[in-house]
Amino acid sequence: MSTPSVTLVDACLRGDTGGSPTAIVLLDAPLSDEQCRRVPVEWGTSHAVFLRPAPSASAEGAGRPTVGLRFFTAAEELPACGHGTVAALAFLAARAGAGKPYRAVLRTSQRAFDGWCDPDGDRLVATFDPGPVDLREPTADERALVLPALGLGPDGAGPDVRIAGVGRERILVPVADRAALASLAPDHDRLREACDRFGLLGAYVYSAPSVDGTLAARMFAPSIGVPEDIANANSTACLAAHLAGRGVTGIAVDMGDALGSPATITASAAPGGPGAVIRLGGAAKLAVG
């Protein structure tokens, strides 16, 4: 089979720069999982997203296009990827026509959900519903193995550590401030072993939010082949759901600084059902294609 055509999208920009380069493939023929895992390696990205438009509008789309999504790292397929979804929406919006609002129903292996993308100068701003977030207290074993692997001592993490799941569980770890966050130097081998033991996607470490909801975060996910992620939107959705219980209704999270690629992810939370209804978003630009 010929090499698939790839478009690079910088997702979750900070202003007009940075973001997480993400490989987008619009499928016209099936690819094997091995071929899909090869794409992020060949294009130097942490993730690749594979899109397959439905042949016709579905009932759930109510006239909007329906597009299937699959997400891969070099190591494995993921059930969800937030910044990959931002990148996919920006790609689809650009393909549908510059300067026009774009709406679609997106389908993964687990669910169907709405996505929106609107022009903003030379950027495209994508938002979507990441789905319900499950939150729980970590076990003593989870804390005992994960926190030291991050390089945190007994008093290095705040008391509000949580396990959060949207597609897959990960651990949310608060630290005092941006300086403490920047100084982290995880032992990636120990962290991978700990995450593998408990089935965790990785560790999302974040600074205390300011009064206006701005903060910084770093996501370490060696178990899926990503030692540190430039932008991890679904973990930001998990954090938004957690902070909603403390009355925080909107956050803007800076990531990627330690990797030299500044990124920002936004999330809003509104009461609904058993928990918060989250709207997750970020700005993007098509890089090369």
# chains A, B, ... in the order shown; residues from 1 in each chain; ligands from 1

call {"tool": "select_by_dssp", "arguments": {"residues": "range 85-233 of chain A", "states": "strand (DSSP E or B)", "output": "PyMOL selection string"}}
result
chain A and resi 102-107+112-120+123-128+134-136+162-165+169-174+203-206+214-221+226-229

call {"tool": "residues_around", "arguments": {"residues": "range 16-19 of chain A", "least_positions_apart": "6", "cutoff": "10 Å", "atoms": "only C-alpha atoms", "output": "number ranges by chain"}}
result
A: 9-10, 83, 121-123, 230-231, 255-257, 260-265, 282-285

call {"tool": "write_last_selection", "arguments": {"atoms": "all heavy atoms", "output": "CSV table (one decimal), in the first residue's frame"}}
result
chain,number,residue,atom,x,y,z
A,9,VAL,N,-0.9,19.5,11.6
A,9,VAL,CA,-1.6,20.6,12.2
A,9,VAL,C,-1.0,20.9,13.6
A,9,VAL,O,-0.8,20.0,14.4
A,9,VAL,CB,-3.1,20.2,12.4
A,9,VAL,CG1,-3.9,21.3,13.1
A,9,VAL,CG2,-3.7,19.9,11.1
A,10,ASP,N,-0.7,22.2,13.8
A,10,ASP,CA,-0.2,22.6,15.1
A,10,ASP,C,-1.5,22.9,16.0
A,10,ASP,O,-2.2,23.9,15.7
A,10,ASP,CB,0.6,23.9,15.0
A,10,ASP,CG,1.9,23.6,14.3
A,10,ASP,OD1,2.5,22.5,14.5
A,10,ASP,OD2,2.4,24.5,13.6
A,83,HIS,N,-6.1,16.9,22.0
A,83,HIS,CA,-5.4,17.8,21.1
A,83,HIS,C,-5.5,17.2,19.7
A,83,HIS,O,-5.6,18.0,18.7
A,83,HIS,CB,-4.0,18.1,21.5
A,83,HIS,CG,-3.0,17.1,21.1
A,83,HIS,ND1,-2.5,16.1,22.0
A,83,HIS,CD2,-2.3,16.9,20.0
A,83,HIS,CE1,-1.6,15.4,21.4
A,83,HIS,NE2,-1.4,15.8,20.2
A,121,GLY,N,-9.1,35.0,12.6
A,121,GLY,CA,-8.0,35.5,11.9
A,121,GLY,C,-7.4,34.4,11.1
A,121,GLY,O,-8.1,33.7,10.3
A,122,ASP,N,-6.1,34.1,11.2
A,122,ASP,CA,-5.5,33.0,10.4
A,122,ASP,C,-5.5,31.7,11.3
A,122,ASP,O,-4.8,30.7,10.9
A,122,ASP,CB,-4.1,33.4,10.0
A,122,ASP,CG,-3.1,33.7,11.1
A,122,ASP,OD1,-3.6,33.8,12.3
A,122,ASP,OD2,-1.9,33.8,10.9
A,123,ARG,N,-6.2,31.7,12.4
A,123,ARG,CA,-6.3,30.5,13.2
A,123,ARG,C,-7.7,29.9,13.1
A,123,ARG,O,-8.6,30.5,12.6
A,123,ARG,CB,-6.0,30.8,14.7
A,123,ARG,CG,-4.7,31.6,15.0
A,123,ARG,CD,-4.5,31.8,16.5
A,123,ARG,NE,-5.7,32.2,17.2
A,123,ARG,CZ,-5.9,32.1,18.5
A,123,ARG,NH1,-4.9,31.6,19.2
A,123,ARG,NH2,-7.0,32.5,19.1
A,230,ILE,N,3.3,17.8,24.6
A,230,ILE,CA,3.3,19.2,24.5
A,230,ILE,C,1.9,19.8,25.0
A,230,ILE,O,1.9,20.8,25.7
A,230,ILE,CB,3.5,19.6,23.0
A,230,ILE,CG1,5.0,19.3,22.6
A,230,ILE,CG2,3.2,21.1,22.8
A,230,ILE,CD1,5.2,19.5,21.1
A,231,ALA,N,0.9,19.1,24.6
A,231,ALA,CA,-0.5,19.5,25.0
A,231,ALA,C,-1.4,18.3,25.2
A,231,ALA,O,-1.5,17.5,24.3
A,231,ALA,CB,-1.1,20.4,23.9
A,255,MET,N,0.9,24.7,28.6
A,255,MET,CA,1.7,23.5,28.5
A,255,MET,C,2.8,23.7,27.5
A,255,MET,O,2.8,24.7,26.8
A,255,MET,CB,0.8,22.3,28.2
A,255,MET,CG,-0.3,22.0,29.2
A,255,MET,SD,-1.1,20.4,28.9
A,255,MET,CE,0.1,19.2,29.4
A,256,GLY,N,3.7,22.7,27.4
A,256,GLY,CA,4.7,22.7,26.4
A,256,GLY,C,6.0,23.5,26.6
A,256,GLY,O,6.9,23.4,25.8
A,257,ASP,N,6.0,24.4,27.6
A,257,ASP,CA,7.2,25.3,27.8
A,257,ASP,C,8.5,24.5,28.0
A,257,ASP,O,9.5,24.9,27.5
A,257,ASP,CB,6.9,26.2,28.9
A,257,ASP,CG,5.7,27.2,28.7
A,257,ASP,OD1,6.0,28.2,28.0
A,257,ASP,OD2,4.6,26.9,29.1
A,260,GLY,N,9.9,23.6,24.7
A,260,GLY,CA,10.1,24.7,23.7
A,260,GLY,C,9.0,24.9,22.7
A,260,GLY,O,9.2,25.5,21.7
A,261,SER,N,7.8,24.4,23.0
A,261,SER,CA,6.7,24.6,22.1
A,261,SER,C,5.5,25.0,22.9
A,261,SER,O,4.6,24.1,23.3
A,261,SER,CB,6.4,23.3,21.3
A,261,SER,OG,5.4,23.5,20.3
A,262,PRO,N,5.3,26.3,23.2
A,262,PRO,CA,4.2,26.7,24.1
A,262,PRO,C,2.9,26.4,23.6
A,262,PRO,O,2.6,26.6,22.4
A,262,PRO,CB,4.5,28.2,24.3
A,262,PRO,CG,5.3,28.6,23.1
A,262,PRO,CD,6.1,27.4,22.8
A,263,ALA,N,2.0,25.9,24.4
A,263,ALA,CA,0.6,25.5,24.0
A,263,ALA,C,-0.3,26.0,25.1
A,263,ALA,O,0.1,26.1,26.3
A,263,ALA,CB,0.5,24.0,23.8
A,264,THR,N,-1.6,26.2,24.7
A,264,THR,CA,-2.6,26.6,25.7
A,264,THR,C,-3.9,25.9,25.3
A,264,THR,O,-4.3,25.8,24.1
A,264,THR,CB,-2.8,28.1,25.7
A,264,THR,OG1,-1.6,28.8,26.1
A,264,THR,CG2,-4.0,28.5,26.7
A,265,ILE,N,-4.5,25.3,26.3
A,265,ILE,CA,-5.8,24.6,26.2
A,265,ILE,C,-6.8,25.3,27.1
A,265,ILE,O,-6.5,25.7,28.2
A,265,ILE,CB,-5.6,23.1,26.6
A,265,ILE,CG1,-4.5,22.5,25.8
A,265,ILE,CG2,-6.9,22.4,26.4
A,265,ILE,CD1,-3.9,21.3,26.5
A,282,GLY,N,-9.2,24.6,21.8
A,282,GLY,CA,-7.9,25.2,21.5
A,282,GLY,C,-7.8,25.7,20.1
A,282,GLY,O,-8.7,25.4,19.2
A,283,ALA,N,-6.8,26.6,19.8
A,283,ALA,CA,-6.7,27.1,18.5
A,283,ALA,C,-5.6,26.3,17.7
A,283,ALA,O,-4.7,25.7,18.3
A,283,ALA,CB,-6.2,28.6,18.6
A,284,ALA,N,-5.7,26.3,16.4
A,284,ALA,CA,-4.9,25.5,15.6
A,284,ALA,C,-4.6,26.1,14.2
A,284,ALA,O,-5.4,27.0,13.8
A,284,ALA,CB,-5.5,24.1,15.3
A,285,LYS,N,-3.5,25.7,13.6
A,285,LYS,CA,-3.2,26.1,12.2
A,285,LYS,C,-2.7,24.9,11.5
A,285,LYS,O,-2.0,24.1,12.1
A,285,LYS,CB,-2.0,27.2,12.2
A,285,LYS,CG,-2.4,28.5,12.7
A,285,LYS,CD,-1.2,29.5,12.6
A,285,LYS,CE,-1.5,30.9,13.0
A,285,LYS,NZ,-0.3,31.7,12.9

call {"tool": "closest_residue", "arguments": {"among": "A:Arg279, A:Arg168, A:Arg190, A:Arg178", "to": "Gly115 in chain A", "atoms": "only C-alpha atoms"}}
result
A:Arg279

call {"tool": "select_by_dssp", "arguments": {"residues": "range 11-223 of chain A", "states": "helix (DSSP H, G or I)", "output": "PyMOL selection string"}}
result
chain A and resi 33-43+82-96+140-149+178-182+188-198+222-223

call {"tool": "residues_around", "arguments": {"residues": "Cys36 in chain A", "least_positions_apart": "3", "cutoff": "9 Å", "atoms": "only C-alpha atoms", "output": "JSON, numbers by chain"}}
result
{"A": [31, 32, 33, 39, 40, 48, 49, 50, 71, 72, 73, 74, 77]}

call {"tool": "write_last_selection", "arguments": {"atoms": "all heavy atoms", "output": "compact mmCIF listing (two decimals), in the first residue's frame"}}
result
# COMPACT_ATOMS: atom_id res chain seq x y z
N LEU A 31 -5.77 1.17 6.71
CA LEU A 31 -4.37 0.96 7.07
C LEU A 31 -4.32 -0.02 8.23
O LEU A 31 -5.21 -0.05 9.07
CB LEU A 31 -3.72 2.27 7.50
CG LEU A 31 -3.58 3.39 6.46
CD1 LEU A 31 -2.95 4.61 7.12
CD2 LEU A 31 -2.74 2.93 5.28
N SER A 32 -3.26 -0.81 8.28
CA SER A 32 -3.07 -1.70 9.42
C SER A 32 -2.66 -0.88 10.63
O SER A 32 -2.19 0.26 10.52
CB SER A 32 -1.99 -2.73 9.11
OG SER A 32 -0.71 -2.09 9.02
N ASP A 33 -2.82 -1.46 11.82
CA ASP A 33 -2.39 -0.76 13.03
C ASP A 33 -0.89 -0.47 12.98
O ASP A 33 -0.45 0.59 13.44
CB ASP A 33 -2.71 -1.61 14.27
CG ASP A 33 -4.20 -1.61 14.61
OD1 ASP A 33 -4.98 -1.00 13.84
OD2 ASP A 33 -4.57 -2.22 15.62
N VAL A 39 3.16 6.28 11.38
CA VAL A 39 3.00 7.67 10.94
C VAL A 39 3.59 8.67 11.93
O VAL A 39 4.36 9.56 11.53
CB VAL A 39 1.52 7.98 10.62
CG1 VAL A 39 1.30 9.48 10.42
CG2 VAL A 39 1.09 7.21 9.38
N PRO A 40 3.27 8.62 13.23
CA PRO A 40 3.89 9.60 14.13
C PRO A 40 5.41 9.48 14.21
O PRO A 40 6.10 10.49 14.43
CB PRO A 40 3.22 9.33 15.48
CG PRO A 40 2.66 7.96 15.38
CD PRO A 40 2.30 7.76 13.94
N ALA A 48 -0.90 10.72 15.95
CA ALA A 48 -1.47 10.82 14.61
C ALA A 48 -2.96 10.51 14.70
O ALA A 48 -3.38 9.67 15.51
CB ALA A 48 -0.79 9.85 13.64
N VAL A 49 -3.74 11.19 13.87
CA VAL A 49 -5.20 11.00 13.85
C VAL A 49 -5.60 10.56 12.45
O VAL A 49 -5.18 11.16 11.45
CB VAL A 49 -5.93 12.31 14.22
CG1 VAL A 49 -7.43 12.04 14.39
CG2 VAL A 49 -5.35 12.92 15.49
N PHE A 50 -6.44 9.54 12.39
CA PHE A 50 -6.88 8.98 11.12
C PHE A 50 -8.38 9.22 10.99
O PHE A 50 -9.17 8.83 11.86
CB PHE A 50 -6.54 7.49 11.07
CG PHE A 50 -5.05 7.26 11.14
CD1 PHE A 50 -4.40 7.23 12.36
CD2 PHE A 50 -4.30 7.14 9.98
CE1 PHE A 50 -3.02 7.06 12.44
CE2 PHE A 50 -2.92 6.97 10.05
CZ PHE A 50 -2.28 6.94 11.27
N PHE A 71 -6.95 7.33 16.92
CA PHE A 71 -5.78 8.04 17.44
C PHE A 71 -4.67 7.03 17.72
O PHE A 71 -4.90 6.01 18.38
CB PHE A 71 -6.14 8.76 18.73
CG PHE A 71 -7.36 9.65 18.64
CD1 PHE A 71 -8.58 9.20 19.11
CD2 PHE A 71 -7.28 10.91 18.09
CE1 PHE A 71 -9.71 10.00 19.04
CE2 PHE A 71 -8.40 11.73 18.01
CZ PHE A 71 -9.63 11.27 18.48
N PHE A 72 -3.46 7.36 17.27
CA PHE A 72 -2.32 6.48 17.49
C PHE A 72 -1.10 7.26 17.96
O PHE A 72 -0.85 8.38 17.50
CB PHE A 72 -1.93 5.76 16.19
CG PHE A 72 -2.81 4.60 15.83
CD1 PHE A 72 -4.01 4.79 15.16
CD2 PHE A 72 -2.45 3.30 16.18
CE1 PHE A 72 -4.83 3.72 14.84
CE2 PHE A 72 -3.27 2.22 15.85
CZ PHE A 72 -4.45 2.44 15.18
N THR A 73 -0.34 6.66 18.88
CA THR A 73 1.04 7.06 19.13
C THR A 73 1.93 6.01 18.47
O THR A 73 1.43 5.06 17.84
CB THR A 73 1.35 7.13 20.63
OG1 THR A 73 1.31 5.80 21.17
CG2 THR A 73 0.34 8.01 21.36
N ALA A 74 3.23 6.16 18.63
CA ALA A 74 4.13 5.15 18.09
C ALA A 74 3.96 3.81 18.78
O ALA A 74 4.32 2.77 18.24
CB ALA A 74 5.57 5.63 18.22
N GLU A 77 -2.75 2.32 19.92
CA GLU A 77 -3.95 3.10 19.63
C GLU A 77 -4.55 3.58 20.95
O GLU A 77 -4.55 2.86 21.95
CB GLU A 77 -4.98 2.26 18.89
CG GLU A 77 -6.23 3.05 18.51
CD GLU A 77 -7.20 2.30 17.62
OE1 GLU A 77 -6.99 1.08 17.39
OE2 GLU A 77 -8.17 2.93 17.15

call {"tool": "residues_around", "arguments": {"residues": "range 191-201 of chain A", "least_positions_apart": "3", "cutoff": "10 Å", "atoms": "only C-alpha atoms", "output": "PyMOL selection string"}}
result
chain A and resi 78+141-151+163-165+167-171+186-188+204+219-225+227+235

call {"tool": "closest_residue", "arguments": {"among": "A:Val248, A:Val253, A:Ala94, A:Ala241", "to": "Arg218 in chain A", "atoms": "only C-alpha atoms"}}
result
A:Val253

call {"tool": "closest_residue", "arguments": {"among": "A:Ala267, A:Leu135, A:Ala185, A:Ala217", "to": "Val173 in chain A", "atoms": "only C-alpha atoms"}}
result
A:Ala217

call {"tool": "closest_residue", "arguments": {"among": "A:Leu280, A:Ala54, A:Ala182, A:Ala233", "to": "Asp114 in chain A", "atoms": "only C-alpha atoms"}}
result
A:Leu280

call {"tool": "closest_atom_pairs", "arguments": {"of": "range 115-151 of chain A", "to": "range 106-109 of chain A", "cutoff": "12 Å", "atoms": "only C-alpha atoms", "output": "JSON lines"}}
result
{"residue": "A:Gly115", "atom": "CA", "partner": "A:Leu106", "partner_atom": "CA", "distance": 6.7}
{"residue": "A:Trp116", "atom": "CA", "partner": "A:Leu106", "partner_atom": "CA", "distance": 10.1}
{"residue": "A:Thr127", "atom": "CA", "partner": "A:Leu106", "partner_atom": "CA", "distance": 11.8}
{"residue": "A:Phe128", "atom": "CA", "partner": "A:Leu106", "partner_atom": "CA", "distance": 9.3}
{"residue": "A:Asp129", "atom": "CA", "partner": "A:Leu106", "partner_atom": "CA", "distance": 10.0}
{"residue": "A:Pro130", "atom": "CA", "partner": "A:Leu106", "partner_atom": "CA", "distance": 10.7}
{"residue": "A:Gly131", "atom": "CA", "partner": "A:Thr108", "partner_atom": "CA", "distance": 11.7}

call {"tool": "residues_around", "arguments": {"residues": "Asn234 in chain A", "least_positions_apart": "3", "cutoff": "7 Å", "atoms": "only C-alpha atoms", "output": "ChimeraX atom specification"}}
result
/A:81-82,130,166,237-238

call {"tool": "closest_residue", "arguments": {"among": "A:Leu239, A:Val41, A:Leu8, A:Ala176", "to": "Ala90 in chain A", "atoms": "only C-alpha atoms"}}
result
A:Leu8

call {"tool": "residues_around", "arguments": {"residues": "Gly158 in chain A", "least_positions_apart": "3", "cutoff": "7 Å", "atoms": "only C-alpha atoms", "output": "JSON, numbers by chain"}}
result
{"A": [161, 174, 175]}

call {"tool": "atom_distance", "arguments": {"atom1": "CA of Pro65 in chain A", "atom2": "CA of Val105 in chain A"}}
result
6.3 Å

call {"tool": "atom_distance", "arguments": {"atom1": "CA of Ile24 in chain A", "atom2": "CA of Ala112 in chain A"}}
result
19.3 Å
